[in-house]
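Undergrad: Provided below: coords.cif, containing mmCIF, C-alpha atoms.
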data_structure
loop_
_atom_site.label_atom_id
_atom_site.label_comp_id
_atom_site.auth_asym_id
_atom_site.auth_seq_id
_atom_site.Cartn_x
_atom_site.Cartn_y
_atom_site.Cartn_z
CA MET A 1 0.00 0.00 0.00
CA SER A 2 1.46 3.29 -1.03
CA GLU A 3 1.03 6.21 1.25
CA GLU A 4 0.82 9.70 -0.02
CA PRO A 5 2.64 12.31 1.98
CA GLY A 6 0.40 14.73 3.80
CA GLY A 7 -3.15 13.39 3.73
CA THR A 8 -2.65 9.88 5.08
CA GLY A 9 -0.04 10.96 7.58
CA ASP A 10 -2.64 12.23 10.00
CA SER A 11 -4.82 9.19 9.64
CA PHE A 12 -1.81 6.98 10.25
CA THR A 13 -1.03 8.84 13.46
CA GLU A 14 -4.63 8.52 14.51
CA ARG A 15 -4.79 4.83 13.71
CA LEU A 16 -1.51 4.24 15.51
CA LYS A 17 -2.79 6.09 18.54
CA ALA A 18 -6.04 4.12 18.52
CA ALA A 19 -4.14 0.85 18.19
CA ARG A 20 -1.76 1.80 20.97
CA SER A 21 -4.54 2.76 23.34
CA ARG A 22 -6.38 -0.46 22.43
CA GLN A 23 -3.32 -2.44 23.41
CA GLY A 24 -2.84 -0.35 26.54
CA LEU A 25 0.56 0.89 25.41
CA ASP A 26 -0.21 4.52 25.97
CA ALA A 27 -0.32 5.78 29.50
CA PRO A 28 -3.87 6.48 30.61
CA PRO A 29 -4.75 10.17 30.75
CA LYS A 30 -3.72 11.77 34.01
CA ARG A 31 -6.43 12.14 36.57
CA PRO A 32 -6.91 15.74 37.59
CA GLY A 33 -5.39 16.08 41.04
CA GLY A 34 -5.73 13.75 43.95
CA ASP A 35 -3.59 11.18 42.18
CA LEU A 36 -0.81 11.86 44.62
CA SER A 37 -2.91 10.52 47.45
CA GLY A 38 -1.13 7.23 47.67
CA ASP A 39 -3.94 5.33 49.27
CA GLY A 40 -5.32 4.76 45.82
CA PRO A 41 -8.86 4.99 44.60
CA ASN A 42 -10.12 2.89 47.50
CA PRO A 43 -12.84 5.01 49.17
CA TRP A 44 -11.92 3.71 52.63
CA GLY A 45 -8.37 4.84 52.10
CA ILE A 46 -9.49 8.29 51.02
CA GLY A 47 -11.84 8.53 53.97
CA LEU A 48 -9.09 7.53 56.37
CA ARG A 49 -6.71 10.07 54.89
CA VAL A 50 -9.24 12.89 55.13
CA GLY A 51 -9.99 11.92 58.71
CA VAL A 52 -6.33 11.82 59.64
CA GLU A 53 -5.71 15.23 58.06
CA LEU A 54 -8.63 16.83 59.88
CA VAL A 55 -7.80 15.29 63.22
CA SER A 56 -4.08 15.98 63.06
CA ALA A 57 -4.62 19.69 62.36
CA MET A 58 -7.03 19.82 65.26
CA VAL A 59 -4.59 18.03 67.57
CA VAL A 60 -1.79 20.46 66.77
CA ALA A 61 -4.07 23.49 67.13
CA VAL A 62 -5.49 22.38 70.47
CA ALA A 63 -2.01 21.59 71.74
CA ILE A 64 -0.80 25.07 70.79
CA GLY A 65 -3.88 26.75 72.24
CA TYR A 66 -3.66 24.82 75.47
CA GLY A 67 0.05 25.55 75.77
CA LEU A 68 -0.45 29.28 75.21
CA ASP A 69 -3.31 29.31 77.69
CA TRP A 70 -1.07 27.65 80.25
CA LEU A 71 1.67 30.15 79.48
CA PHE A 72 -0.46 33.27 79.73
CA GLY A 73 -2.99 32.04 82.28
CA THR A 74 -5.97 32.78 80.04
CA LYS A 75 -7.40 29.36 80.57
CA PRO A 76 -10.20 28.68 78.12
CA ILE A 77 -9.96 31.55 75.65
CA LEU A 78 -6.98 30.68 73.46
CA THR A 79 -7.89 26.99 73.37
CA ALA A 80 -11.33 27.93 72.07
CA VAL A 81 -9.84 30.25 69.47
CA PHE A 82 -7.35 27.65 68.32
CA VAL A 83 -10.04 24.99 67.98
CA LEU A 84 -11.61 27.16 65.30
CA VAL A 85 -8.26 27.83 63.62
CA GLY A 86 -7.44 24.14 63.79
CA GLY A 87 -10.68 23.25 62.05
CA ALA A 88 -9.81 25.71 59.30
CA ALA A 89 -6.32 24.27 59.00
CA GLY A 90 -7.83 20.78 58.72
CA VAL A 91 -10.03 21.91 55.85
CA LEU A 92 -6.95 23.46 54.25
CA ASN A 93 -5.16 20.12 54.56
CA VAL A 94 -8.06 18.34 52.89
CA TRP A 95 -8.10 20.96 50.15
CA ARG A 96 -4.38 20.39 49.58
CA LEU A 97 -5.11 16.69 49.34
CA PHE A 98 -7.56 17.02 46.46
CA ALA A 99 -6.63 20.29 44.80
CA PRO A 100 -4.65 19.91 41.60
CA ARG A 101 -1.00 20.50 42.35
CA HIS A 102 0.40 23.29 40.23
CA GLY A 103 3.89 24.07 39.16
CA THR A 104 5.51 20.68 39.77
CA MET B 105 -2.92 -14.24 72.91
CA ALA B 106 -6.57 -14.91 73.44
CA ALA B 107 -7.59 -15.89 76.90
CA GLU B 108 -8.86 -19.42 76.37
CA GLY B 109 -12.33 -20.23 77.63
CA SER B 110 -13.11 -16.72 78.80
CA SER B 111 -15.08 -14.31 76.66
CA SER B 112 -12.47 -11.54 76.55
CA ILE B 113 -10.29 -10.92 73.54
CA ASP B 114 -6.98 -9.39 74.45
CA ALA B 115 -6.07 -7.81 71.13
CA LEU B 116 -3.59 -5.24 72.37
CA SER B 117 -1.10 -7.26 74.36
CA GLN B 118 0.62 -8.21 71.11
CA PHE B 119 2.05 -4.70 71.04
CA LYS B 120 3.61 -5.00 74.49
CA LEU B 121 7.34 -4.53 74.56
CA SER B 122 9.68 -6.83 76.38
CA THR B 123 13.42 -6.73 76.55
CA ALA B 124 15.43 -8.96 74.27
CA LEU B 125 18.94 -10.39 74.28
CA GLY B 126 18.87 -11.49 77.91
CA PRO B 127 20.41 -9.47 80.77
CA ILE B 128 22.46 -7.24 78.46
CA GLY B 129 19.35 -6.16 76.59
CA ALA B 130 17.43 -5.74 79.80
CA SER B 131 20.03 -3.41 81.26
CA VAL B 132 19.86 -1.05 78.29
CA ASN B 133 16.17 -1.62 77.51
CA PHE B 134 16.88 -3.22 74.16
CA THR B 135 13.41 -4.46 73.23
CA GLN B 136 12.16 -6.83 70.58
CA ALA B 137 11.15 -3.77 68.56
CA ASN B 138 14.79 -2.74 68.45
CA VAL B 139 15.74 -6.24 67.39
CA MET B 140 13.27 -6.00 64.52
CA MET B 141 14.65 -2.62 63.51
CA VAL B 142 18.12 -4.07 63.30
CA VAL B 143 16.75 -7.02 61.31
CA ALA B 144 14.96 -4.65 58.92
CA SER B 145 18.16 -2.70 58.34
CA VAL B 146 20.17 -5.88 57.83
CA LEU B 147 17.58 -7.22 55.38
CA THR B 148 17.72 -4.02 53.35
CA LEU B 149 21.50 -4.15 53.22
CA ALA B 150 21.35 -7.85 52.39
CA LEU B 151 18.93 -7.28 49.52
CA LEU B 152 21.25 -4.72 48.00
CA TRP B 153 24.50 -6.50 48.75
CA VAL B 154 23.45 -10.02 47.79
CA GLY B 155 21.43 -8.67 44.90
CA MET B 156 24.14 -6.57 43.37
CA ARG B 157 27.03 -8.97 43.99
CA PRO B 158 26.79 -10.78 40.61
CA ARG B 159 26.73 -7.46 38.72
CA ALA B 160 25.29 -9.45 35.83
CA MET B 161 24.30 -7.88 32.55
CA VAL B 162 21.10 -9.92 32.66
CA PRO B 163 20.00 -9.66 36.28
CA GLY B 164 18.86 -12.59 38.35
CA ARG B 165 15.92 -12.37 40.71
CA PHE B 166 17.61 -10.56 43.58
CA GLN B 167 19.51 -8.25 41.31
CA ALA B 168 16.32 -7.43 39.41
CA ALA B 169 14.56 -6.68 42.70
CA ALA B 170 17.38 -4.44 43.87
CA GLU B 171 17.60 -2.64 40.54
CA MET B 172 13.85 -2.19 40.30
CA ALA B 173 13.70 -0.77 43.81
CA TYR B 174 16.53 1.60 43.02
CA GLU B 175 15.02 2.79 39.75
CA PHE B 176 11.51 3.04 41.15
CA LEU B 177 12.55 5.21 44.06
CA MET B 178 15.00 7.23 42.00
CA SER B 179 12.35 8.10 39.43
CA MET B 180 9.90 8.89 42.21
CA CYS B 181 12.40 11.29 43.80
CA VAL B 182 13.22 13.01 40.53
CA GLU B 183 9.61 13.23 39.40
CA MET B 184 8.25 14.56 42.65
CA ILE B 185 11.06 16.74 43.94
CA GLY B 186 12.60 17.77 40.63
CA PRO B 187 16.20 17.48 39.50
CA GLU B 188 17.30 18.23 43.05
CA GLY B 189 15.63 15.00 44.09
CA ARG B 190 18.81 13.01 43.49
CA LYS B 191 20.32 14.52 46.60
CA PHE B 192 17.49 13.18 48.72
CA PHE B 193 17.36 9.77 47.13
CA PRO B 194 19.45 7.99 49.80
CA PHE B 195 17.21 9.34 52.53
CA VAL B 196 13.96 8.37 50.82
CA PHE B 197 15.35 4.98 49.87
CA THR B 198 16.43 4.22 53.43
CA LEU B 199 13.14 5.43 54.85
CA PHE B 200 11.07 3.42 52.38
CA PHE B 201 12.92 0.18 52.96
CA PHE B 202 13.09 0.54 56.72
CA ILE B 203 9.32 0.99 56.87
CA LEU B 204 8.62 -1.60 54.17
CA PHE B 205 10.56 -4.34 55.92
CA GLY B 206 9.17 -3.31 59.28
CA ASN B 207 5.64 -3.61 57.92
CA LEU B 208 6.20 -6.82 55.98
CA MET B 209 7.95 -8.67 58.78
CA GLY B 210 5.01 -7.93 61.02
CA VAL B 211 2.82 -10.24 58.95
CA PHE B 212 4.88 -13.27 59.97
CA PRO B 213 4.03 -15.09 63.19
CA TYR B 214 6.29 -14.43 66.21
CA PHE B 215 7.60 -11.29 64.53
CA PHE B 216 7.02 -7.89 66.06
CA THR B 217 5.77 -4.94 64.00
CA PHE B 218 7.74 -1.94 65.19
CA THR B 219 5.77 0.40 62.93
CA SER B 220 2.67 -0.31 65.00
CA HIS B 221 4.10 1.87 67.76
CA ILE B 222 3.36 5.57 67.61
CA ALA B 223 6.74 6.24 69.23
CA VAL B 224 8.53 4.79 66.22
CA THR B 225 6.38 6.41 63.55
CA LEU B 226 6.41 9.73 65.35
CA ALA B 227 10.19 9.61 65.52
CA LEU B 228 10.33 8.89 61.79
CA SER B 229 7.93 11.69 60.90
CA LEU B 230 9.77 14.11 63.18
CA LEU B 231 12.95 13.17 61.35
CA VAL B 232 11.27 13.96 58.03
CA PHE B 233 9.81 17.17 59.39
CA VAL B 234 13.10 18.43 60.79
CA LEU B 235 14.92 17.50 57.59
CA VAL B 236 12.35 19.28 55.43
CA THR B 237 12.49 22.40 57.56
CA VAL B 238 16.27 22.44 57.67
CA VAL B 239 16.48 21.96 53.89
CA ALA B 240 14.01 24.78 53.31
CA LEU B 241 15.88 27.09 55.68
CA ARG B 242 19.25 26.30 54.12
CA LEU B 243 18.04 26.76 50.57
CA HIS B 244 15.88 29.83 51.09
CA GLY B 245 17.08 31.36 54.33
CA LEU B 246 14.53 33.55 56.02
CA HIS B 247 12.62 33.73 52.75
CA PHE B 248 11.31 30.31 53.80
CA PHE B 249 8.79 32.01 56.05
CA SER B 250 7.01 33.39 53.00
CA TYR B 251 5.78 29.81 52.64
CA PHE B 252 3.24 30.59 55.35
CA MET B 253 1.93 33.59 53.44
CA PRO B 254 -0.26 32.49 50.53
CA GLN B 255 -0.03 34.73 47.49
CA GLY B 256 -2.81 37.09 46.60
CA ILE B 257 -4.74 37.38 49.85
CA PRO B 258 -5.90 40.62 51.43
CA VAL B 259 -3.58 42.04 54.07
CA ALA B 260 -6.39 42.04 56.62
CA LEU B 261 -6.59 38.26 56.40
CA ALA B 262 -2.84 37.72 56.57
CA PRO B 263 -2.49 37.05 60.33
CA LEU B 264 -5.25 34.48 60.26
CA MET B 265 -3.95 32.77 57.14
CA VAL B 266 -0.40 32.63 58.46
CA LEU B 267 -1.68 31.03 61.64
CA ILE B 268 -3.71 28.48 59.69
CA GLU B 269 -0.82 27.71 57.35
CA MET B 270 1.53 27.20 60.29
CA ILE B 271 -0.86 24.80 61.98
CA SER B 272 -1.31 23.00 58.68
CA TYR B 273 2.46 22.75 58.35
CA LEU B 274 2.88 21.43 61.89
CA SER B 275 0.05 18.97 61.47
CA ARG B 276 2.17 17.06 58.95
CA ILE B 277 4.05 15.51 61.87
CA ILE B 278 0.87 14.10 63.31
CA SER B 279 -0.80 13.05 60.07
CA LEU B 280 2.31 11.35 58.71
CA SER B 281 2.94 9.34 61.86
CA VAL B 282 -0.67 8.56 62.73
CA ARG B 283 -1.43 7.27 59.22
CA LEU B 284 1.28 4.63 59.33
CA PHE B 285 0.74 3.75 62.98
CA ALA B 286 -3.06 3.50 62.70
CA ASN B 287 -2.96 1.35 59.58
CA MET B 288 -0.49 -1.11 61.01
CA MET B 289 -2.11 -1.31 64.41
CA ALA B 290 -5.64 -1.67 63.06
CA GLY B 291 -4.59 -4.49 60.77
CA HIS B 292 -2.90 -6.42 63.53
CA VAL B 293 -5.79 -5.93 65.92
CA MET B 294 -8.14 -7.33 63.28
CA LEU B 295 -5.90 -10.34 62.77
CA GLU B 296 -5.78 -10.92 66.51
CA VAL B 297 -9.54 -10.59 66.93
CA PHE B 298 -10.35 -13.05 64.17
CA GLY B 299 -7.61 -15.36 65.39
CA ALA B 300 -9.25 -15.33 68.81
CA PHE B 301 -12.61 -16.08 67.16
CA ILE B 302 -11.14 -19.21 65.63
CA VAL B 303 -9.88 -20.44 68.98
CA MET B 304 -13.02 -19.56 70.91
CA LEU B 305 -15.50 -20.88 68.36
CA GLY B 306 -13.46 -23.98 67.73
CA ALA B 307 -13.56 -24.74 71.44
CA ALA B 308 -17.35 -24.32 71.48
CA GLY B 309 -17.96 -27.71 69.92
CA VAL B 310 -19.35 -28.83 66.57
CA ILE B 311 -21.71 -25.85 66.24
CA GLY B 312 -18.77 -23.47 66.35
CA TRP B 313 -16.77 -25.19 63.65
CA VAL B 314 -18.51 -23.50 60.72
CA PRO B 315 -18.10 -19.93 62.03
CA ALA B 316 -14.57 -20.85 63.10
CA GLY B 317 -13.85 -21.89 59.54
CA LEU B 318 -15.33 -18.61 58.31
CA SER B 319 -13.08 -16.72 60.70
CA LEU B 320 -10.12 -18.62 59.37
CA ALA B 321 -11.13 -17.62 55.84
CA VAL B 322 -11.44 -14.01 56.91
CA ASN B 323 -8.04 -14.17 58.55
CA THR B 324 -6.50 -15.61 55.42
CA ALA B 325 -7.93 -12.74 53.40
CA LEU B 326 -6.75 -10.29 56.03
CA ILE B 327 -3.18 -11.54 55.73
CA GLY B 328 -3.26 -10.72 52.04
CA PHE B 329 -4.80 -7.38 52.83
CA GLU B 330 -2.08 -6.74 55.39
CA LEU B 331 0.59 -7.37 52.76
CA LEU B 332 -1.09 -4.78 50.56
CA VAL B 333 -1.32 -2.28 53.40
CA ALA B 334 2.30 -2.90 54.39
CA VAL B 335 3.62 -2.02 50.94
CA LEU B 336 1.13 0.77 50.40
CA GLN B 337 1.88 2.52 53.66
CA ALA B 338 5.62 2.39 53.11
CA TYR B 339 4.99 3.86 49.66
CA VAL B 340 2.68 6.54 51.04
CA PHE B 341 5.25 7.53 53.63
CA ALA B 342 7.95 7.83 50.98
CA VAL B 343 5.67 9.73 48.57
CA LEU B 344 4.62 12.21 51.22
CA THR B 345 8.26 12.71 52.22
CA CYS B 346 8.97 13.51 48.57
CA ILE B 347 6.05 15.94 48.37
CA TYR B 348 7.20 17.72 51.51
CA LEU B 349 10.74 17.88 50.16
CA HIS B 350 9.37 19.32 46.92
CA ASP B 351 7.62 22.02 48.90
CA ALA B 352 10.82 22.68 50.82
CA VAL B 353 12.94 22.93 47.68
CA HIS B 354 10.53 24.98 45.61
CA LEU B 355 8.33 26.77 48.18
CA HIS B 356 4.76 26.77 46.82
#
Please lay out the structure from this file as structure tokens.
TA:
Amino acid sequence: MSEEPGGTGDSFTERLKAARSRQGLDAPPKRPGGDLSGDGPNPWGIGLRVGVELVSAMVVAVAIGYGLDWLFGTKPILTAVFVLVGGAAGVLNVWRLFAPRHGT
Amino acid sequence: MAAEGSSSIDALSQFKLSTALGPIGASVNFTQANVMMVVASVLTLALLWVGMRPRAMVPGRFQAAAEMAYEFLMSMCVEMIGPEGRKFFPFVFTLFFFILFGNLMGVFPYFFTFTSHIAVTLALSLLVFVLVTVVALRLHGLHFFSYFMPQGIPVALAPLMVLIEMISYLSRIISLSVRLFANMMAGHVMLEVFGAFIVMLGAAGVIGWVPAGLSLAVNTALIGFELLVAVLQAYVFAVLTCIYLHDAVHLH
């Protein structure tokens, strides 16, 4: 079969691409974000990761708030403030988990 | 060990530490967890040394395993951190294999899983955290602190955002260590619970034999699941270390 330059070139590329994707030779298209969460697509893994991120931010925030309260003798106030900040930081962590990473 | 006959399942005593190596170990508190850490390190070295000894053009099994591990982790470092990732490859490689062998050995009977202790995982994640912070400070100096200031936010919100970013940064220590620790501990508790079911139901006479067999089937599946979790968690730990190092090298 003789191939003319120009016209059939595109169709050859297309057919090659189709054949390659049929055979699974091409890498699957990248999922938008979240593919760095190593626990895989398993929903339990994702749930566990989100839970850990939320809780760990809260733990750090409460620890800081409690420590500052102990330092300054303002017993409940700073802990209460830092609980709110910790919740926000947890949401930020979860956002980082699923947001598309830019500039890698 | 399950208390035989009684209805209580003692799933947590498997994590109890005891001193190893006789009186010498007892005097310096050298526990079985420490023994397993040494074994994990020796196994890693053995894999590389025994594997790479032939230096064959066409690798044998061990050499292929060693080369694949090297290439896999090297490409992970370079892809995730960037060209600077080569410098951190030894650290990530060591970390990955230490955790991997610690996790995998825990699946075998009579072996102790040192990664099921929060003390161990917290020490590892603190190591990562300190390294990441030191790298960021050395590369960027005081400019590093701009990491806590997201771009393009109103000045009025800056104090709040900096606070939130700092807590988010600090929470890496907890999330990194708790993830590994919780996964390993939960898996081993499950194994222990179903193992106790087998013993207790099997002792209950003929009626208990069917559920005991089911428990055995569940436990068999759980062992496979544990192998998956062991590799996955070591991988996750290494990947997250790489991501944090990327953030430290590039800031944002």
Undergrad: With all atoms listed in the file as the basis for distance, which of B:Met180, B:Leu318, B:Ile311, B:Ala115 is at the shortest distance from chain A?
TA: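 Looking at the shortest contact to chain A, the residue is B:Met180.
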Undergrad: Using only C-alpha atoms and a cut-off of 6 Å, which residues of chain B sit close to chain A? Please list them as a ChimeraX atom specification.
TA: /B:268,272,275,278-279,340
Undergrad: As a ChimeraX atom specification, please: the residues near B:Phe341 (cut-off 10 Å, all atoms listed in the file, same-chain neighbours under 3 positions excluded).
TA: /A:38 /B:196,199-200,203-204,228-229,232,280-281,283-284,336-338,344-347
Undergrad: Report as a ChimeraX atom specification all protein, DNA and RNA residues lying within 10 Å of B:Leu152, evaluated on all atoms listed in the file, omitting residues in the same chain fewer than 5 positions from it.
TA: /B:146-147,157,166-167,169-171,173-174
Undergrad: Quick one, how far is atom CA of B:Asn133 from atom CA of B:Ala290?
TA: 26.2 Å
Undergrad: Quick one: distance from atom CA of B:Gly317 to atom CA of B:Ile113 in Å, one decimal?
TA: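 Computed distance, atom CA of B:Gly317 to atom CA of B:Ile113, equals 18.1 Å.
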Undergrad: At what distance in Å, to one decimal, does atom CA of B:Arg165 lie from atom CA of B:Met140?
TA: 24.8 Å
Undergrad: What do you get, as a list of chain:residue names, if you spell out every residue that the PyMOL selection byres ((chain B and resi 330) around 9) selects here?
TA: B:Asn207, B:Leu208, B:Val211, B:Met288, B:Gly291, B:His292, B:Ala325, B:Leu326, B:Ile327, B:Gly328, B:Phe329, B:Leu331, B:Leu332, B:Val333, B:Ala334, B:Val335
